[in-house]
>>> print(open('model.tsv').read())   # TSV, C-alpha atoms
chain	number	residue	atom	x	y	z
A	29	MET	CA	-20.42	32.34	-40.35
A	30	HIS	CA	-23.00	32.91	-37.61
A	31	ASP	CA	-22.69	31.86	-33.98
A	32	GLN	CA	-24.94	28.84	-34.61
A	33	GLU	CA	-22.64	27.55	-37.36
A	34	TRP	CA	-19.53	27.82	-35.21
A	35	MET	CA	-21.36	26.11	-32.36
A	36	ARG	CA	-22.40	23.24	-34.63
A	37	ARG	CA	-18.76	22.83	-35.57
A	38	ALA	CA	-17.97	22.62	-31.85
A	39	LEU	CA	-20.73	20.02	-31.47
A	40	ALA	CA	-19.20	17.88	-34.22
A	41	LEU	CA	-15.85	18.03	-32.41
A	42	ALA	CA	-17.47	17.08	-29.11
A	43	GLU	CA	-18.86	13.89	-30.67
A	44	ARG	CA	-15.29	12.61	-31.11
A	45	GLY	CA	-15.15	11.97	-27.37
A	46	ALA	CA	-18.09	9.55	-27.45
A	47	GLY	CA	-17.38	6.44	-25.39
A	48	ARG	CA	-14.06	7.82	-24.11
A	49	VAL	CA	-14.83	10.59	-21.63
A	50	SER	CA	-17.46	9.02	-19.35
A	51	PRO	CA	-18.43	10.00	-16.67
A	52	ASN	CA	-17.42	13.42	-17.93
A	53	PRO	CA	-19.49	15.20	-20.60
A	54	MET	CA	-18.55	15.42	-24.27
A	55	VAL	CA	-17.42	18.96	-25.03
A	56	GLY	CA	-16.16	20.68	-28.16
A	57	CYS	CA	-14.54	24.09	-28.59
A	58	VAL	CA	-13.75	26.39	-31.52
A	59	ILE	CA	-11.75	29.63	-31.27
A	60	VAL	CA	-12.42	32.24	-33.94
A	61	LYS	CA	-10.51	35.46	-34.63
A	62	ASN	CA	-11.32	37.87	-37.45
A	63	GLY	CA	-13.67	35.31	-38.99
A	64	ARG	CA	-11.05	32.53	-39.02
A	65	VAL	CA	-10.61	29.43	-36.90
A	66	ILE	CA	-7.32	29.73	-35.02
A	67	GLY	CA	-7.82	26.78	-32.69
A	68	GLU	CA	-10.19	23.93	-31.99
A	69	GLY	CA	-10.32	21.01	-29.62
A	70	TRP	CA	-12.48	18.58	-27.71
A	71	HIS	CA	-12.39	16.52	-24.53
A	72	GLU	CA	-10.56	13.48	-25.89
A	73	GLN	CA	-10.57	11.12	-22.93
A	74	TYR	CA	-11.42	10.96	-19.24
A	75	GLY	CA	-8.69	12.64	-17.22
A	76	GLY	CA	-7.34	14.48	-20.27
A	77	LEU	CA	-7.48	18.16	-21.15
A	78	HIS	CA	-10.88	19.79	-21.30
A	79	ALA	CA	-11.99	21.08	-24.68
A	80	GLU	CA	-11.13	24.72	-23.97
A	81	ARG	CA	-7.56	23.98	-22.90
A	82	HIS	CA	-7.16	21.55	-25.80
A	83	ALA	CA	-8.27	24.24	-28.27
A	84	LEU	CA	-6.15	26.99	-26.68
A	85	GLY	CA	-3.10	24.75	-26.78
A	86	ARG	CA	-3.58	24.24	-30.52
A	87	CYS	CA	-4.03	27.90	-31.47
A	88	THR	CA	-2.08	28.98	-34.53
A	89	GLU	CA	-1.81	32.56	-33.28
A	90	ASP	CA	-2.38	34.71	-30.19
A	91	ALA	CA	-5.94	34.17	-28.94
A	92	ALA	CA	-6.22	37.62	-27.34
A	93	GLY	CA	-9.42	39.33	-28.49
A	94	ALA	CA	-10.84	36.15	-30.08
A	95	THR	CA	-14.22	34.49	-29.56
A	96	LEU	CA	-14.37	31.06	-27.98
A	97	TYR	CA	-17.33	28.78	-28.78
A	98	VAL	CA	-17.89	25.91	-26.35
A	99	THR	CA	-20.78	23.46	-26.14
A	100	LEU	CA	-20.86	23.39	-22.31
A	101	GLU	CA	-20.22	26.08	-19.73
A	102	PRO	CA	-16.50	26.32	-18.85
A	103	CYS	CA	-15.62	24.78	-15.50
A	104	CYS	CA	-14.46	27.06	-12.69
A	105	HIS	CA	-13.21	24.46	-10.20
A	106	TRP	CA	-10.22	22.18	-9.83
A	107	GLY	CA	-10.69	18.55	-10.75
A	108	ARG	CA	-8.25	16.36	-12.67
A	109	THR	CA	-7.34	19.53	-14.59
A	110	PRO	CA	-7.25	23.24	-13.65
A	111	PRO	CA	-10.32	25.46	-14.20
A	112	CYS	CA	-11.00	26.31	-17.84
A	113	THR	CA	-12.12	29.81	-16.81
A	114	ASP	CA	-8.52	30.48	-15.69
A	115	ALA	CA	-7.19	29.51	-19.12
A	116	ILE	CA	-9.75	31.74	-20.88
A	117	LEU	CA	-8.74	34.74	-18.77
A	118	GLU	CA	-5.01	34.03	-19.14
A	119	HIS	CA	-5.34	34.05	-22.94
A	120	ARG	CA	-7.42	37.28	-22.82
A	121	LEU	CA	-10.30	36.12	-24.96
A	122	ALA	CA	-12.82	38.89	-25.57
A	123	ARG	CA	-15.99	36.86	-25.98
A	124	VAL	CA	-17.23	33.41	-24.97
A	125	VAL	CA	-20.30	31.78	-26.53
A	126	VAL	CA	-21.73	28.90	-24.49
A	127	GLY	CA	-24.12	26.25	-25.80
A	128	CYS	CA	-25.67	25.29	-22.46
A	129	LEU	CA	-25.00	25.69	-18.76
A	130	ASP	CA	-23.43	22.89	-16.73
A	131	PRO	CA	-25.83	21.26	-14.21
A	132	ASN	CA	-22.89	20.14	-12.05
A	133	PRO	CA	-23.38	21.94	-8.71
A	134	LEU	CA	-19.67	22.82	-8.77
A	135	VAL	CA	-20.33	24.92	-11.90
A	136	ALA	CA	-24.06	25.61	-12.46
A	137	GLY	CA	-23.67	29.15	-13.81
A	138	LYS	CA	-20.65	30.06	-11.74
A	139	GLY	CA	-18.29	29.75	-14.70
A	140	VAL	CA	-20.32	32.25	-16.72
A	141	GLN	CA	-20.57	34.61	-13.75
A	142	LEU	CA	-16.83	34.50	-13.15
A	143	LEU	CA	-16.02	35.34	-16.77
A	144	ARG	CA	-18.52	38.21	-16.88
A	145	ALA	CA	-17.17	39.62	-13.62
A	146	ALA	CA	-13.72	39.64	-15.24
A	147	GLY	CA	-15.00	41.68	-18.19
A	148	VAL	CA	-15.46	38.91	-20.76
A	149	THR	CA	-18.57	39.15	-22.93
A	150	VAL	CA	-20.50	35.91	-22.45
A	151	GLU	CA	-23.52	34.70	-24.41
A	152	THR	CA	-25.39	31.53	-23.53
A	153	GLY	CA	-28.02	29.30	-25.10
A	154	VAL	CA	-26.66	29.13	-28.66
A	155	CYS	CA	-27.87	25.77	-30.04
A	156	ARG	CA	-28.89	25.01	-26.46
A	157	ARG	CA	-31.18	22.08	-27.24
A	158	GLU	CA	-28.59	20.39	-29.46
A	159	CYS	CA	-25.93	20.84	-26.78
A	160	GLU	CA	-28.21	19.44	-24.08
A	161	ARG	CA	-29.11	16.41	-26.19
A	162	LEU	CA	-25.44	15.71	-26.84
A	163	ASN	CA	-24.95	15.20	-23.10
A	164	ALA	CA	-28.30	13.73	-22.12
A	165	VAL	CA	-26.43	10.98	-20.25
A	166	PHE	CA	-24.33	13.44	-18.23
A	167	PHE	CA	-27.28	15.73	-17.48
A	168	HIS	CA	-29.44	12.83	-16.27
A	169	CYS	CA	-26.75	11.13	-14.21
A	170	ILE	CA	-25.53	14.22	-12.40
A	171	THR	CA	-29.10	15.28	-11.63
A	172	HIS	CA	-30.59	11.91	-10.60
A	173	LYS	CA	-27.48	9.93	-9.56
A	174	THR	CA	-28.71	6.96	-11.61
A	175	PRO	CA	-27.74	5.67	-15.08
A	176	TYR	CA	-29.39	7.02	-18.22
A	177	VAL	CA	-31.21	3.95	-19.55
A	178	VAL	CA	-31.71	3.19	-23.24
A	179	LEU	CA	-34.19	0.42	-24.04
A	180	LYS	CA	-33.16	-1.23	-27.32
A	181	TYR	CA	-34.82	-3.94	-29.38
A	182	ALA	CA	-35.04	-5.20	-32.95
A	183	MET	CA	-38.33	-6.34	-34.45
A	184	THR	CA	-40.06	-7.14	-37.70
A	185	LEU	CA	-42.63	-4.82	-39.18
A	186	ASP	CA	-45.37	-6.84	-37.49
A	187	GLY	CA	-43.71	-6.43	-34.09
A	188	LYS	CA	-41.94	-9.78	-33.62
A	189	THR	CA	-38.48	-10.26	-32.13
A	190	ALA	CA	-38.31	-13.96	-33.05
A	191	ALA	CA	-40.27	-16.64	-34.88
A	192	HIS	CA	-42.71	-18.83	-32.94
A	193	THR	CA	-39.93	-21.45	-32.88
A	194	GLY	CA	-37.64	-19.05	-31.01
A	195	ASP	CA	-35.34	-18.46	-33.99
A	196	SER	CA	-34.16	-14.85	-34.04
A	197	ARG	CA	-31.07	-14.74	-36.26
A	198	TRP	CA	-31.21	-12.31	-37.71
A	199	VAL	CA	-34.10	-9.85	-37.41
A	200	THR	CA	-32.10	-6.96	-38.85
A	201	GLY	CA	-29.19	-6.68	-41.26
A	202	GLU	CA	-25.50	-5.98	-40.77
A	203	ALA	CA	-25.79	-2.18	-40.77
A	204	ALA	CA	-28.34	-2.17	-37.96
A	205	ARG	CA	-26.35	-4.71	-35.93
A	206	ALA	CA	-23.18	-2.63	-36.34
A	207	HIS	CA	-25.07	0.40	-35.07
A	208	VAL	CA	-26.05	-1.56	-31.96
A	209	HIS	CA	-22.39	-2.30	-31.27
A	210	GLU	CA	-21.56	1.38	-31.67
A	211	THR	CA	-24.14	2.10	-28.98
A	212	ARG	CA	-22.64	-0.60	-26.76
A	213	SER	CA	-19.29	1.14	-27.12
A	214	ARG	CA	-20.76	4.56	-26.24
A	215	LEU	CA	-22.67	3.54	-23.12
A	216	SER	CA	-21.10	2.40	-19.86
A	217	ALA	CA	-23.10	-0.77	-19.23
A	218	ILE	CA	-25.40	-3.29	-20.84
A	219	MET	CA	-28.17	-5.21	-19.04
A	220	VAL	CA	-30.22	-8.30	-19.85
A	221	GLY	CA	-32.50	-10.55	-17.84
A	222	ILE	CA	-31.91	-14.17	-16.88
A	223	GLY	CA	-34.30	-15.29	-19.64
A	224	THR	CA	-31.97	-13.89	-22.30
A	225	VAL	CA	-28.95	-15.52	-20.65
A	226	LEU	CA	-30.64	-18.93	-20.57
A	227	ALA	CA	-32.02	-18.68	-24.10
A	228	ASP	CA	-29.09	-17.11	-25.97
A	229	ASP	CA	-25.94	-17.54	-23.81
A	230	PRO	CA	-24.74	-14.08	-24.98
A	231	LEU	CA	-21.35	-12.43	-24.52
A	232	LEU	CA	-22.71	-8.84	-24.52
A	233	THR	CA	-19.43	-7.40	-25.77
A	234	CYS	CA	-18.70	-4.75	-28.40
A	235	ARG	CA	-17.61	-6.27	-31.69
A	236	ILE	CA	-16.45	-3.29	-33.76
A	237	PRO	CA	-12.80	-2.28	-34.32
A	238	GLY	CA	-11.65	0.09	-31.60
A	239	GLY	CA	-14.86	-0.41	-29.63
A	240	ARG	CA	-15.09	-0.59	-25.85
A	241	ASP	CA	-16.81	-3.41	-24.00
A	242	PRO	CA	-19.52	-2.17	-21.64
A	243	VAL	CA	-19.81	-3.36	-18.06
A	244	ARG	CA	-22.32	-6.24	-18.02
A	245	VAL	CA	-25.31	-6.39	-15.67
A	246	ILE	CA	-27.45	-9.51	-15.37
A	247	CYS	CA	-30.84	-9.08	-13.73
A	248	ASP	CA	-31.22	-12.53	-12.14
A	249	SER	CA	-33.34	-12.39	-9.00
A	250	HIS	CA	-32.56	-15.96	-7.88
A	251	ALA	CA	-29.03	-16.36	-9.33
A	252	ARG	CA	-29.93	-18.95	-11.99
A	253	THR	CA	-27.12	-17.91	-14.37
A	254	PRO	CA	-25.27	-21.11	-15.42
A	255	ILE	CA	-21.72	-21.38	-14.13
A	256	ASP	CA	-20.59	-22.54	-17.60
A	257	SER	CA	-22.25	-19.66	-19.50
A	258	GLN	CA	-20.15	-17.32	-21.62
A	259	ILE	CA	-20.98	-14.48	-19.25
A	260	VAL	CA	-19.44	-16.31	-16.29
A	261	ARG	CA	-16.48	-17.73	-18.21
A	262	THR	CA	-15.43	-14.22	-19.26
A	263	ALA	CA	-16.27	-12.42	-16.00
A	264	HIS	CA	-12.59	-11.92	-15.17
A	265	GLU	CA	-12.08	-10.15	-18.52
A	266	THR	CA	-15.17	-7.91	-18.55
A	267	PRO	CA	-16.61	-6.55	-15.27
A	268	THR	CA	-19.94	-8.33	-14.72
A	269	PHE	CA	-22.54	-7.61	-12.04
A	270	LEU	CA	-25.40	-9.93	-11.13
A	271	ALA	CA	-28.42	-8.36	-9.45
A	272	ALA	CA	-30.26	-10.74	-7.12
A	273	ILE	CA	-32.56	-10.48	-4.11
A	274	ASP	CA	-30.57	-12.74	-1.76
A	275	LYS	CA	-27.15	-14.33	-1.52
A	276	ASN	CA	-27.85	-18.03	-2.00
A	277	ASP	CA	-25.35	-20.83	-2.63
A	278	ARG	CA	-25.55	-20.37	-6.41
A	279	LEU	CA	-24.61	-16.71	-6.08
A	280	VAL	CA	-21.67	-17.60	-3.86
A	281	SER	CA	-20.40	-19.98	-6.57
A	282	LEU	CA	-20.86	-17.32	-9.26
A	283	GLU	CA	-18.96	-14.81	-7.12
A	284	ARG	CA	-16.04	-17.22	-6.84
A	285	ALA	CA	-16.05	-17.41	-10.65
A	286	GLY	CA	-15.64	-13.64	-10.96
A	287	ILE	CA	-19.23	-12.36	-10.93
A	288	ARG	CA	-19.80	-9.28	-8.76
A	289	PRO	CA	-23.06	-9.62	-6.80
A	290	LEU	CA	-25.47	-6.77	-6.13
A	291	ILE	CA	-28.10	-7.61	-3.52
A	292	CYS	CA	-31.16	-5.52	-4.28
A	293	ALA	CA	-34.45	-4.78	-2.62
A	294	GLU	CA	-37.29	-7.10	-3.61
A	295	GLU	CA	-40.47	-6.19	-5.44
A	296	ASN	CA	-43.03	-8.91	-6.09
A	297	GLY	CA	-40.36	-11.59	-5.84
A	298	HIS	CA	-38.00	-9.88	-8.30
A	299	VAL	CA	-35.20	-7.32	-8.22
A	300	ASP	CA	-36.43	-3.81	-7.49
A	301	LEU	CA	-35.11	-2.08	-10.61
A	302	ALA	CA	-35.17	1.41	-9.06
A	303	ASP	CA	-32.93	0.16	-6.25
A	304	LEU	CA	-30.64	-1.50	-8.78
A	305	MET	CA	-30.29	1.77	-10.68
A	306	ARG	CA	-29.36	3.59	-7.47
A	307	GLN	CA	-26.67	1.01	-6.75
A	308	LEU	CA	-25.27	1.21	-10.28
A	309	GLY	CA	-25.22	5.01	-10.08
A	310	ALA	CA	-23.27	4.82	-6.82
A	311	LEU	CA	-20.75	2.60	-8.63
A	312	GLY	CA	-20.16	5.34	-11.23
A	313	ILE	CA	-22.13	3.74	-14.06
A	314	ASP	CA	-23.70	6.69	-15.87
A	315	SER	CA	-25.48	4.94	-18.75
A	316	LEU	CA	-26.99	1.56	-19.50
A	317	LEU	CA	-28.24	-0.23	-22.61
A	318	LEU	CA	-31.17	-2.51	-21.79
A	319	GLU	CA	-31.22	-5.26	-24.42
A	320	GLY	CA	-33.68	-7.85	-23.17
A	321	GLY	CA	-35.82	-9.68	-22.71
A	322	ALA	CA	-39.46	-8.79	-23.11
A	323	ALA	CA	-40.47	-9.26	-19.46
A	324	LEU	CA	-37.55	-7.16	-18.21
A	325	ALA	CA	-38.37	-4.46	-20.77
A	326	PHE	CA	-41.91	-4.12	-19.43
A	327	SER	CA	-40.70	-4.16	-15.82
A	328	ALA	CA	-38.21	-1.39	-16.62
A	329	LEU	CA	-40.87	0.72	-18.31
A	330	ARG	CA	-43.29	0.16	-15.45
A	331	ALA	CA	-40.61	1.09	-12.91
A	332	GLY	CA	-39.96	4.34	-14.76
A	333	ILE	CA	-36.22	3.79	-15.18
A	334	VAL	CA	-36.10	4.12	-19.01
A	335	GLN	CA	-35.21	7.49	-20.57
A	336	HIS	CA	-34.77	6.62	-24.26
A	337	VAL	CA	-36.03	3.92	-26.64
A	338	GLN	CA	-34.29	2.57	-29.75
A	339	ALA	CA	-36.43	0.35	-31.99
A	340	TYR	CA	-34.66	-1.27	-34.94
A	341	ILE	CA	-37.37	-2.19	-37.45
A	342	ALA	CA	-36.87	-4.68	-40.29
A	343	PRO	CA	-39.23	-4.59	-43.30
A	344	LYS	CA	-40.26	-8.19	-42.75
A	345	LEU	CA	-43.44	-9.99	-41.72
A	346	ILE	CA	-43.29	-13.24	-39.78
A	347	GLY	CA	-46.60	-13.60	-37.91
A	348	GLY	CA	-47.39	-16.15	-35.22
A	349	GLN	CA	-49.48	-15.62	-32.11
A	350	ALA	CA	-46.79	-17.31	-30.03
A	351	ALA	CA	-43.94	-15.27	-31.56
A	352	THR	CA	-42.32	-12.97	-29.00
A	353	THR	CA	-42.74	-9.20	-28.97
A	354	PRO	CA	-40.23	-6.62	-27.70
A	355	VAL	CA	-42.18	-5.69	-24.57
A	356	GLY	CA	-43.94	-8.46	-22.69
A	357	GLY	CA	-45.10	-8.69	-19.11
A	358	ALA	CA	-48.67	-8.10	-18.03
A	359	GLY	CA	-49.02	-5.01	-20.19
A	360	LEU	CA	-51.04	-1.89	-19.45
A	361	ASP	CA	-54.80	-2.06	-19.17
A	362	ARG	CA	-55.80	0.86	-21.36
A	363	MET	CA	-54.52	2.52	-24.50
A	364	ALA	CA	-54.83	5.82	-22.64
A	365	ASP	CA	-52.07	4.62	-20.32
A	366	ALA	CA	-49.61	3.94	-23.16
A	367	LEU	CA	-46.13	5.39	-22.79
A	368	ALA	CA	-45.34	7.86	-25.55
A	369	LEU	CA	-42.10	9.03	-27.16
A	370	ARG	CA	-41.03	12.55	-28.05
A	371	GLU	CA	-38.12	14.06	-29.99
A	372	LEU	CA	-38.51	11.26	-32.54
A	373	SER	CA	-36.00	10.50	-35.26
A	374	VAL	CA	-35.85	7.89	-38.01
A	375	THR	CA	-32.50	6.69	-39.37
A	376	PRO	CA	-32.17	4.34	-42.38
A	377	LEU	CA	-29.65	1.54	-41.74
A	378	GLY	CA	-29.28	-0.58	-44.84
A	379	SER	CA	-32.73	-2.04	-45.52
A	380	ASP	CA	-33.78	-1.43	-41.89
A	381	PHE	CA	-34.80	1.64	-39.91
A	382	LEU	CA	-33.98	2.92	-36.44
A	383	LEU	CA	-36.90	4.71	-34.80
A	384	GLU	CA	-35.91	6.33	-31.51
A	385	GLY	CA	-37.05	8.94	-29.05
A	386	ASP	CA	-37.19	10.04	-25.43
A	387	LEU	CA	-39.75	8.40	-23.20
A	388	VAL	CA	-42.59	10.50	-21.84
A	389	CYS	CA	-43.61	8.81	-18.61
A	390	SER	CA	-47.31	8.74	-17.81
A	391	GLN	CA	-48.09	8.84	-14.10
A	392	ALA	CA	-51.09	6.63	-14.73
A	393	SER	CA	-48.97	3.92	-16.34
A	394	SER	CA	-46.02	4.14	-13.94
A	395	LYS	CA	-48.27	3.58	-10.94
A	396	LYS	CA	-50.00	0.50	-12.33
>>> encode(input="model.tsv", output="structure tokens")
Amino acid sequence: MHDQEWMRRALALAERGAGRVSPNPMVGCVIVKNGRVIGEGWHEQYGGLHAERHALGRCTEDAAGATLYVTLEPCCHWGRTPPCTDAILEHRLARVVVGCLDPNPLVAGKGVQLLRAAGVTVETGVCRRECERLNAVFFHCITHKTPYVVLKYAMTLDGKTAAHTGDSRWVTGEAARAHVHETRSRLSAIMVGIGTVLADDPLLTCRIPGGRDPVRVICDSHARTPIDSQIVRTAHETPTFLAAIDKNDRLVSLERAGIRPLICAEENGHVDLADLMRQLGALGIDSLLLEGGAALAFSALRAGIVQHVQAYIAPKLIGGQAATTPVGGAGLDRMADALALRELSVTPLGSDFLLEGDLVCSQASSKK
């Protein structure tokens, strides 16, 4: 097998840590000697062994002289676990193949330099783009100190998220809805606007076996969330933040019920979303799923806080001028200002399709 094939095996192992290692990156490792795998591992959970130490601890024979494939540069500093570079040198590996460098300032090429200085042959950039995409959340968060935001919505083929009557159950089928819950489990937080809370009274939890409930964030500038809503009634079970622009009497009552207030800067009478993202980043929230509604989606796009878009598309037509669309608000003035996506992929989910990609921000649109 070639280096790329071993690295893709390491990538598949890294995926097993999804939803369990945040705010750490997902990392996979494969150790190969004489063309055979003698050990493999991955970062299983936050605070647990890093992938390299996990793989070395599972080796079926002496790793001296072997090649270690790892999706992210080995760490060279003490954290919750000792440096992985120490373990590599202690086991006398001859060669290390790295998918991508670690943007963490504590590492940032130092791990590779240390290994090379000790006489280990190190190669970097094997399947680099795949390795970077695997940890897009980690790369964004450690660079910008704000959550990686995924804008998600489900719509019919003619672009409607509900009928003109407001009925929206269900736009997509079971497979697509299960995929949404998998995403909820993978990301740290989920956010909706007050309109969604008032219209749907959602729980915003993860409803798949073994899934993890995300932290809930309600964007509610004037604290209109009902005290008897499901969100408030379960606030002691699932951490729930409410972003508002001032601490009025309603917010005080919600805080007594278990809601955690975040007082944000104001922009045009509403929560300044960029300030909210900075506050969430400071709280250690590295990723956020933005689920609604249409006005909040446009505000988020206009504020430039969205990195990725997931559009679940059902092969249905419903029509209706008054039927809601995924992105509302004032809208942009010109087609030339439209926000585009790159790195597109299409995934069939039952009878539906998931179209997703990274957002390419246009300066013209973000300044409007």
>>> residues_around(input="model.tsv", residues="Leu282 of chain A", least_positions_apart="6", cutoff="12 Å", atoms="only C-alpha atoms", output="PyMOL selection string")
chain A and resi 246+248+250-257+259-264+268-272+275-276+288-290
>>> closest_residue(input="model.tsv", among="A:Ser281, A:Gly320, A:Glu80, A:Cys155", to="Pro230 of chain A", atoms="only C-alpha atoms")
A:Gly320
>>> atom_distance(input="model.tsv", atom1="atom CA of Thr375 of chain A", atom2="atom CA of Glu33 of chain A")
23.2 Å
>>> residues_around(input="model.tsv", residues="Asp114 of chain A", least_positions_apart="4", cutoff="10 Å", atoms="only C-alpha atoms", output="MDAnalysis selection string")
chainID A and resid 81 102:105 110 118:120 139 142:143
>>> atom_distance(input="model.tsv", atom1="atom CA of Cys128 of chain A", atom2="atom CA of Ser315 of chain A")
20.7 Å
>>> decode(input="model.tsv", residues="segment 29-45 of chain A", atoms="N, CA, C and O atoms", output="PDB file, in the first residue's frame")
ATOM      1  N   MET A  29       0.826  -1.204   0.000  1.00  0.00           N
ATOM      2  CA  MET A  29       0.000   0.000   0.000  1.00  0.00           C
ATOM      3  C   MET A  29       0.864   1.259   0.000  1.00  0.00           C
ATOM      4  O   MET A  29       1.979   1.260   0.543  1.00  0.00           O
ATOM      5  N   HIS A  30       0.365   2.331  -0.593  1.00  0.00           N
ATOM      6  CA  HIS A  30       1.090   3.583  -0.643  1.00  0.00           C
ATOM      7  C   HIS A  30       0.785   4.410   0.600  1.00  0.00           C
ATOM      8  O   HIS A  30      -0.157   4.135   1.352  1.00  0.00           O
ATOM      9  N   ASP A  31       1.587   5.474   0.786  1.00  0.00           N
ATOM     10  CA  ASP A  31       1.393   6.346   1.944  1.00  0.00           C
ATOM     11  C   ASP A  31      -0.035   6.882   2.015  1.00  0.00           C
ATOM     12  O   ASP A  31      -0.621   6.970   3.096  1.00  0.00           O
ATOM     13  N   GLN A  32      -0.601   7.248   0.854  1.00  0.00           N
ATOM     14  CA  GLN A  32      -1.950   7.806   0.845  1.00  0.00           C
ATOM     15  C   GLN A  32      -2.986   6.803   1.369  1.00  0.00           C
ATOM     16  O   GLN A  32      -3.925   7.177   2.077  1.00  0.00           O
ATOM     17  N   GLU A  33      -2.799   5.534   1.056  1.00  0.00           N
ATOM     18  CA  GLU A  33      -3.752   4.520   1.506  1.00  0.00           C
ATOM     19  C   GLU A  33      -3.670   4.308   3.014  1.00  0.00           C
ATOM     20  O   GLU A  33      -4.696   4.165   3.682  1.00  0.00           O
ATOM     21  N   TRP A  34      -2.452   4.301   3.545  1.00  0.00           N
ATOM     22  CA  TRP A  34      -2.306   4.162   4.998  1.00  0.00           C
ATOM     23  C   TRP A  34      -2.891   5.390   5.703  1.00  0.00           C
ATOM     24  O   TRP A  34      -3.529   5.264   6.754  1.00  0.00           O
ATOM     25  N   MET A  35      -2.673   6.566   5.102  1.00  0.00           N
ATOM     26  CA  MET A  35      -3.199   7.781   5.724  1.00  0.00           C
ATOM     27  C   MET A  35      -4.729   7.784   5.706  1.00  0.00           C
ATOM     28  O   MET A  35      -5.363   8.237   6.669  1.00  0.00           O
ATOM     29  N   ARG A  36      -5.318   7.284   4.646  1.00  0.00           N
ATOM     30  CA  ARG A  36      -6.787   7.225   4.597  1.00  0.00           C
ATOM     31  C   ARG A  36      -7.323   6.237   5.640  1.00  0.00           C
ATOM     32  O   ARG A  36      -8.413   6.434   6.180  1.00  0.00           O
ATOM     33  N   ARG A  37      -6.551   5.211   5.922  1.00  0.00           N
ATOM     34  CA  ARG A  37      -6.953   4.306   7.006  1.00  0.00           C
ATOM     35  C   ARG A  37      -6.899   5.047   8.345  1.00  0.00           C
ATOM     36  O   ARG A  37      -7.794   4.892   9.194  1.00  0.00           O
ATOM     37  N   ALA A  38      -5.872   5.876   8.515  1.00  0.00           N
ATOM     38  CA  ALA A  38      -5.767   6.679   9.740  1.00  0.00           C
ATOM     39  C   ALA A  38      -6.922   7.673   9.831  1.00  0.00           C
ATOM     40  O   ALA A  38      -7.464   7.928  10.917  1.00  0.00           O
ATOM     41  N   LEU A  39      -7.328   8.237   8.693  1.00  0.00           N
ATOM     42  CA  LEU A  39      -8.462   9.159   8.671  1.00  0.00           C
ATOM     43  C   LEU A  39      -9.754   8.467   9.114  1.00  0.00           C
ATOM     44  O   LEU A  39     -10.553   9.028   9.865  1.00  0.00           O
ATOM     45  N   ALA A  40      -9.956   7.248   8.634  1.00  0.00           N
ATOM     46  CA  ALA A  40     -11.154   6.496   9.018  1.00  0.00           C
ATOM     47  C   ALA A  40     -11.162   6.226  10.522  1.00  0.00           C
ATOM     48  O   ALA A  40     -12.218   6.283  11.170  1.00  0.00           O
ATOM     49  N   LEU A  41     -10.003   5.956  11.096  1.00  0.00           N
ATOM     50  CA  LEU A  41      -9.909   5.754  12.540  1.00  0.00           C
ATOM     51  C   LEU A  41     -10.214   7.048  13.290  1.00  0.00           C
ATOM     52  O   LEU A  41     -10.915   7.041  14.304  1.00  0.00           O
ATOM     53  N   ALA A  42      -9.698   8.158  12.778  1.00  0.00           N
ATOM     54  CA  ALA A  42      -9.906   9.450  13.433  1.00  0.00           C
ATOM     55  C   ALA A  42     -11.388   9.778  13.556  1.00  0.00           C
ATOM     56  O   ALA A  42     -11.834  10.346  14.568  1.00  0.00           O
ATOM     57  N   GLU A  43     -12.166   9.415  12.547  1.00  0.00           N
ATOM     58  CA  GLU A  43     -13.607   9.699  12.540  1.00  0.00           C
ATOM     59  C   GLU A  43     -14.327   9.082  13.734  1.00  0.00           C
ATOM     60  O   GLU A  43     -15.393   9.557  14.143  1.00  0.00           O
ATOM     61  N   ARG A  44     -13.754   8.037  14.313  1.00  0.00           N
ATOM     62  CA  ARG A  44     -14.415   7.373  15.444  1.00  0.00           C
ATOM     63  C   ARG A  44     -14.491   8.275  16.673  1.00  0.00           C
ATOM     64  O   ARG A  44     -15.274   8.010  17.591  1.00  0.00           O
ATOM     65  N   GLY A  45     -13.696   9.317  16.695  1.00  0.00           N
ATOM     66  CA  GLY A  45     -13.721  10.237  17.831  1.00  0.00           C
ATOM     67  C   GLY A  45     -14.722  11.360  17.680  1.00  0.00           C
ATOM     68  O   GLY A  45     -14.840  12.218  18.572  1.00  0.00           O
TER      69      GLY A  45
END
